[in-house]
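Here the structure comes first, spelled out in structure tokens, and everything after it is commentary.
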2 protein chains.
Amino acid sequence: MKGRDGRADGAREPTVPASNAGRRPTMEDVAARVGVSRALVSVVFRGAPGASARTRERVLAAAEEIGYRPDLAARTLASSRSRVLGVMLTLHNTFHADLVEAMYAEAEEVGYDLVLSAHAPTRHSEKAVGALLGHRCDALVLLGPETGAHFLADLVERVPVVSVGRRFPGTRVDTVTTAEGPAVRQALNHLRDLGHRDIAHLDGGGGAGSDERRRSYRDWMRRVGLADHVRVLPGDHTEASGAEAAHRLLAGGRVPTALFAGNDRSAIGFLDAITRAGVRVPEDISLVGYDDIPLAGLAHIQLTTVRQDSAGLAREAVRLAIERLEKPSPAPRSSVLEPELVVRGTTAAPRAGGND
Amino acid sequence: MKGRDGRADGAREPTVPASNAGRRPTMEDVAARVGVSRALVSVVFRGAPGASARTRERVLAAAEEIGYRPDLAARTLASSRSRVLGVMLTLHNTFHADLVEAMYAEAEEVGYDLVLSAHAPTRHSEKAVGALLGHRCDALVLLGPETGAHFLADLVERVPVVSVGRRFPGTRVDTVTTAEGPAVRQALNHLRDLGHRDIAHLDGGGGAGSDERRRSYRDWMRRVGLADHVRVLPGDHTEASGAEAAHRLLAGGRVPTALFAGNDRSAIGFLDAITRAGVRVPEDISLVGYDDIPLAGLAHIQLTTVRQDSAGLAREAVRLAIERLEKPSPAPRSSVLEPELVVRGTTAAPRAGGND
DNA sequence: GTGAAAGCGCTAACAG
DNA sequence: CTGTTAGCGCTTTCAC
């Protein structure tokens with residue numbers, strides 16, 4: 001009575017009668033149990049009008065009892081709309097984790113489900129997107145996509161696409177981004193207010209938003225008369241690149257009094273490496289990140305950073321996707337959210353004798 | 001000619017003839033293009049025998065041209081098997097990210113696809129699992145599930161379930177874990193070999209593997225005659241709990257010469273907090289983590305840790321799931337993988353005058 | 001509120 | 001290798 005499921009010990013599993021074991025309950029089963037038609041059950045589960053409150057209750061209760069869940073595959077096949085949003089993300093990016101969590105809440109509110117597909121070094125975006133397409137998602141939300149504009153331009157002909165964090169001018173891709181210009185300016189103004197002039201930028205390479213951040217940095221430096229202090233250190237959006245930049249900076253001799261990093265991951269890599277090399281932050285060098293990932297707020301990291309409104313980005317991404325589904329508009333839309341500088345412990349007045 | 005899709009500018013989109021815009025290509029379309037039957041196309045896409053190599057090529061080529069992908073919903077509905085594995089993970093856990101990446105590769109090899117569903121503070125495991133069920137996954141792989149054994153016992157009656165990192169004795173859930181006992185002993189032996197006696201353990205709370213690690217720590221301490229040094233600091237598997245533990249330790253006055261943390265996240269939180277408080281690692285205190293997450297190997301974190309074989313865990317998880325699908329065996333199986341101590345920079349001989 | 005009927009895109013089994 | 005025939009579980013439409 002241990003290997004196979006004993007009929008006798010039914011006390012523990014009211015939801016799965018042994019007789020049904022193996023077969024997934026269908027709408028038919030629910031209908032039979034309540035004594036109504038299958039069509040009515042369908043109405044109830046779609047939330048469509050045409051069933052009394054009492055019927056709804058009874059149907060839902062019966063479904064619960066026998067452990068029925070609507071079969072997405074069947075529903076999708078029949079309705080041509082799956083009510084599923086496909087999300088492509090980078091698993092190692094905890095900012096994406098924040099975004100997705102918020103999107104779950106947002107999507108649920110409008111009756112949508114999310115399916116996640118990861119982009120990774122061993123799994124190209126094309127493959128991740130392909131999987132989403134196979135699942136017949138109604139629309140795609142791509143987080144910081146690093147695909148070519150060409151690929152996206154083709155993709156968006158087949159399914160609504162919204163890109164978070166990266167713009168694709170010239171395509172019909174909807175985008176939701178943080179206002180990069182203001183974000184960068186807030187960070188740099190903060191440093192200048194503290195007295196910094198020798199401010200370097202740790203580049204984000206091919207990462208989402210990098211181009212805009214780099215450009216905004218250069219513009220700002222020129223505008224405030226610090227053109228000769230412009231220094232862009234090569235990097236990308238990983239911790240390793242931050243640590244490497246610290247090394248190179250130390251080896252090169254000329255250390256700026258402040259560094260504006262392309263994102264929090266690289267900032268944290270930099271912070272760690274430079275600290276262990278004996279350079280104090282913020283006493284010897286100030287550091288500003290970008291994103292405000294969970295790690296940044298840790299009691300003793302306390303990274304000053306530009307916070308992206310992840311909840312807002314998530315909300316807008318879902319909203320844009322759904323809206324385009326409901327009433328397709330020809331022109332691409334974009335939603336831009338305001339950033340917020342979060343001043344914590346990695347920024348302070350420049351050290352005496354900085355390279356001014 | 002900019003809003004709606006101009007028929008004329010077809011040069012850029014050979015894959016999506018304007019005439020078909022909006023409609024997703026079907027098997028029928030592919031068949032018609034090649035001049036074969038729909039059934040043959042099906043054979044080709046299932047990799048079933050019955051089509052010549054040349055036909056396969058032509059079919060695949062035609063599919064590529066018109067941008068055809070098999071519709072998972074339809075396939076699932078028709079075949080009762082979806083060839084999709086559902087994976088529940090915690091998005092903020094980068095160890096899970098490693099696991100999932102490896103699982104993608106593993107699953108692809110055996111012709112399976114993965115669908116991801118996240119467990120998060122605002123999204124209970126039950127909901128995450130429910131979504132997976134709705135997608136009709138053939139089997140479920142749960143990463144470090146924190147669900148009740150009761151829930152899982154019910155779940156496994158409906159679908160094959162494999163749990164990674166946590167055992168569920170008494171249920172039919174298959175499990176794949178790291179050999180916790182040996183792992184803990186390797187870490188502690190290393191510390192003892194360095195000369196440590198005052199070794200504390202930062203607990204993992206409700207996290208996967210915590211019970212075994214705590215127990216193994218206690219056992220080992222007793223066995224080597226350090227019973228009176230046993231100290232378990234409360235915590236969980238987050239960075240914040242590590243930082244908090246550092247605070248309490250400092251406030252408490254009696255700082256051990258070494259700390260064995262429940263996982264890397266808490267170890268890194270601890271490392272950061274204690275370092276900034278002026279305590280040097282490893283000169284003043286040695287630190288060992290658990291998992292070997294990507295951050296641990298960062299040039300300047302260099303956390304000594306017990307490496308879990310993420311690729312191996314992933315491989316076994318997929319293998320167990322698939323095997324149970326092919327030939328259901330009544331008894332639950334479990335696969336235990338060997339850990340590997342990775343000695344990096346956070347461990348050294350104890351400071352002079354440690355609380356011996 | 002009900003029941004019947006058609007069909008979503010595919011698989012599976014079979015006779016040719 | 002081809003073509004046919006049934007469904008898979010649901011939505012949708014329509015008359016009742």
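The way I read the labels, and the way they are meant: chains A, B, ... in the order of the structure tokens, residue 1 as the first residue of every chain, and ligand 1 as the first ligand shown, with later ones counted on from there.
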Please find the residues of chain B near chain C - the criterion being any atom within 9 Å, counting only C-alpha atoms (C1' of nucleotides) - and write them as a PyMOL selection string. chain B and resi 26-27+42+70-79
Selection near region 98-107 of chain B, 7 Å with only C-alpha atoms (C1' of nucleotides), sequence-local residues under 5 positions removed, as a PyMOL selection string: chain B and resi 112-114+310-311+314-315+318
Write out as a ChimeraX atom specification all residues of region 107-185 of chain B that backbone DSSP assigns to strand (DSSP E or B). /B:113-120,123,139-143,161-164,174-178
Between CA of Met88 (chain B) and CA of Ile66 (chain A), what is the distance, to one decimal in Å?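 About the pair CA of Met88 (chain B) and CA of Ile66 (chain A): they are 23.8 Å apart.
The space separating CA of Ile285 (chain A) from CA of Leu271 (chain B) comes to 20.9 Å.
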Do a neighbour search on Tyr290 (chain B) at 7 Å with only C-alpha atoms (C1' of nucleotides), toss out local chain neighbours closer than 3 positions, and write the hits as a PyMOL selection string. chain B and resi 261-264+305-307
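If we count only C-alpha atoms (C1' of nucleotides), these residues of chain D sit within 7 Å of chain B: DC1, DT2 and DC8 of chain D.
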Pick out the closest residue to chain B from this set: A:Ala128, A:Ala62, A:Leu320, A:Leu259. Count only C-alpha atoms.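 Among the listed residues, A:Ala128 lies closest to chain B.
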Could you list, as a PyMOL selection string, every residue of chain A that has an atom within 8 Å of an atom of chain B, counting only C-alpha atoms? chain A and resi 3-4+13+16+21-22+24+69-74+76-77+91-92+94+97+101+105+113+115-117+120+122+131+133-136+154+157-158+239-240+243+269+272-273+276+295+298-301+330-331
For Asp309 (chain A): contacts at 8 Å, only C-alpha atoms (C1' of nucleotides), fewer than 5 positions along chain excluded, given as an NGL selection string: :A and (178 or 337-340)
Write down as a PyMOL selection string the residues of region 104-187 of chain B whose backbone DSSP state falls under alpha helix (DSSP H). chain B and resi 104-109+125-134+149-155+180-187
Name all residues at most 12 Å from Leu152 (chain A) (count only C-alpha atoms (C1' of nucleotides); drop same-chain ones fewer than 6 positions away) and give them as a list of chain:residue names. A:Ser125, A:Glu126, A:Val129, A:Leu140, A:Val141, A:Leu142, A:Pro145, A:Glu146, A:Arg158, A:Val159, A:Pro160, A:Val161, A:Val162, A:Ser163, A:Arg166, A:Arg167, A:Phe168, A:Pro169, A:Gly170, A:Thr171, A:Arg172, A:Val173, A:Asp174, B:Glu13
Expressed in Å, the length from C1' of DT11 (chain D) to CA of Ala321 (chain A) is 22.8 Å
Residues near region 246-257 of chain A, anyone? I mean within 8 Å using only C-alpha atoms (C1' of nucleotides), not counting same-chain ones fewer than 3 positions away, as number ranges by chain. A: 196-200, 242-243, 270, 273-274, 284-286, 350-351, 354-355
Selection to disk with C-alpha atoms, as a PDB file, in the first residue's frame:
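This is the output file again33.pdb:
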```
ATOM      1  CA  HIS A 196      33.745  66.727  -7.784  1.00  0.00           C
ATOM      2  CA  ARG A 197      35.243  67.718 -11.088  1.00  0.00           C
ATOM      3  CA  ASP A 198      37.292  64.699 -12.046  1.00  0.00           C
ATOM      4  CA  ILE A 199      34.432  62.357 -12.816  1.00  0.00           C
ATOM      5  CA  ALA A 200      34.907  59.263 -14.954  1.00  0.00           C
ATOM      6  CA  GLY A 242      33.702  46.725 -12.686  1.00  0.00           C
ATOM      7  CA  ALA A 243      36.456  44.896 -10.867  1.00  0.00           C
ATOM      8  CA  PHE A 270      34.254  48.120  -8.830  1.00  0.00           C
ATOM      9  CA  ALA A 273      37.838  45.537  -5.981  1.00  0.00           C
ATOM     10  CA  ILE A 274      38.825  49.074  -5.143  1.00  0.00           C
ATOM     11  CA  ASP A 284      39.071  58.432  -1.614  1.00  0.00           C
ATOM     12  CA  ILE A 285      36.640  58.014  -4.427  1.00  0.00           C
ATOM     13  CA  SER A 286      32.915  58.504  -4.802  1.00  0.00           C
ATOM     14  CA  PRO A 350      36.290  64.660  -3.033  1.00  0.00           C
ATOM     15  CA  ARG A 351      39.545  63.819  -1.299  1.00  0.00           C
ATOM     16  CA  GLY A 354      42.235  65.038  -6.279  1.00  0.00           C
ATOM     17  CA  ASN A 355      43.316  65.412  -9.901  1.00  0.00           C
TER      18      ASN A 355
END
```
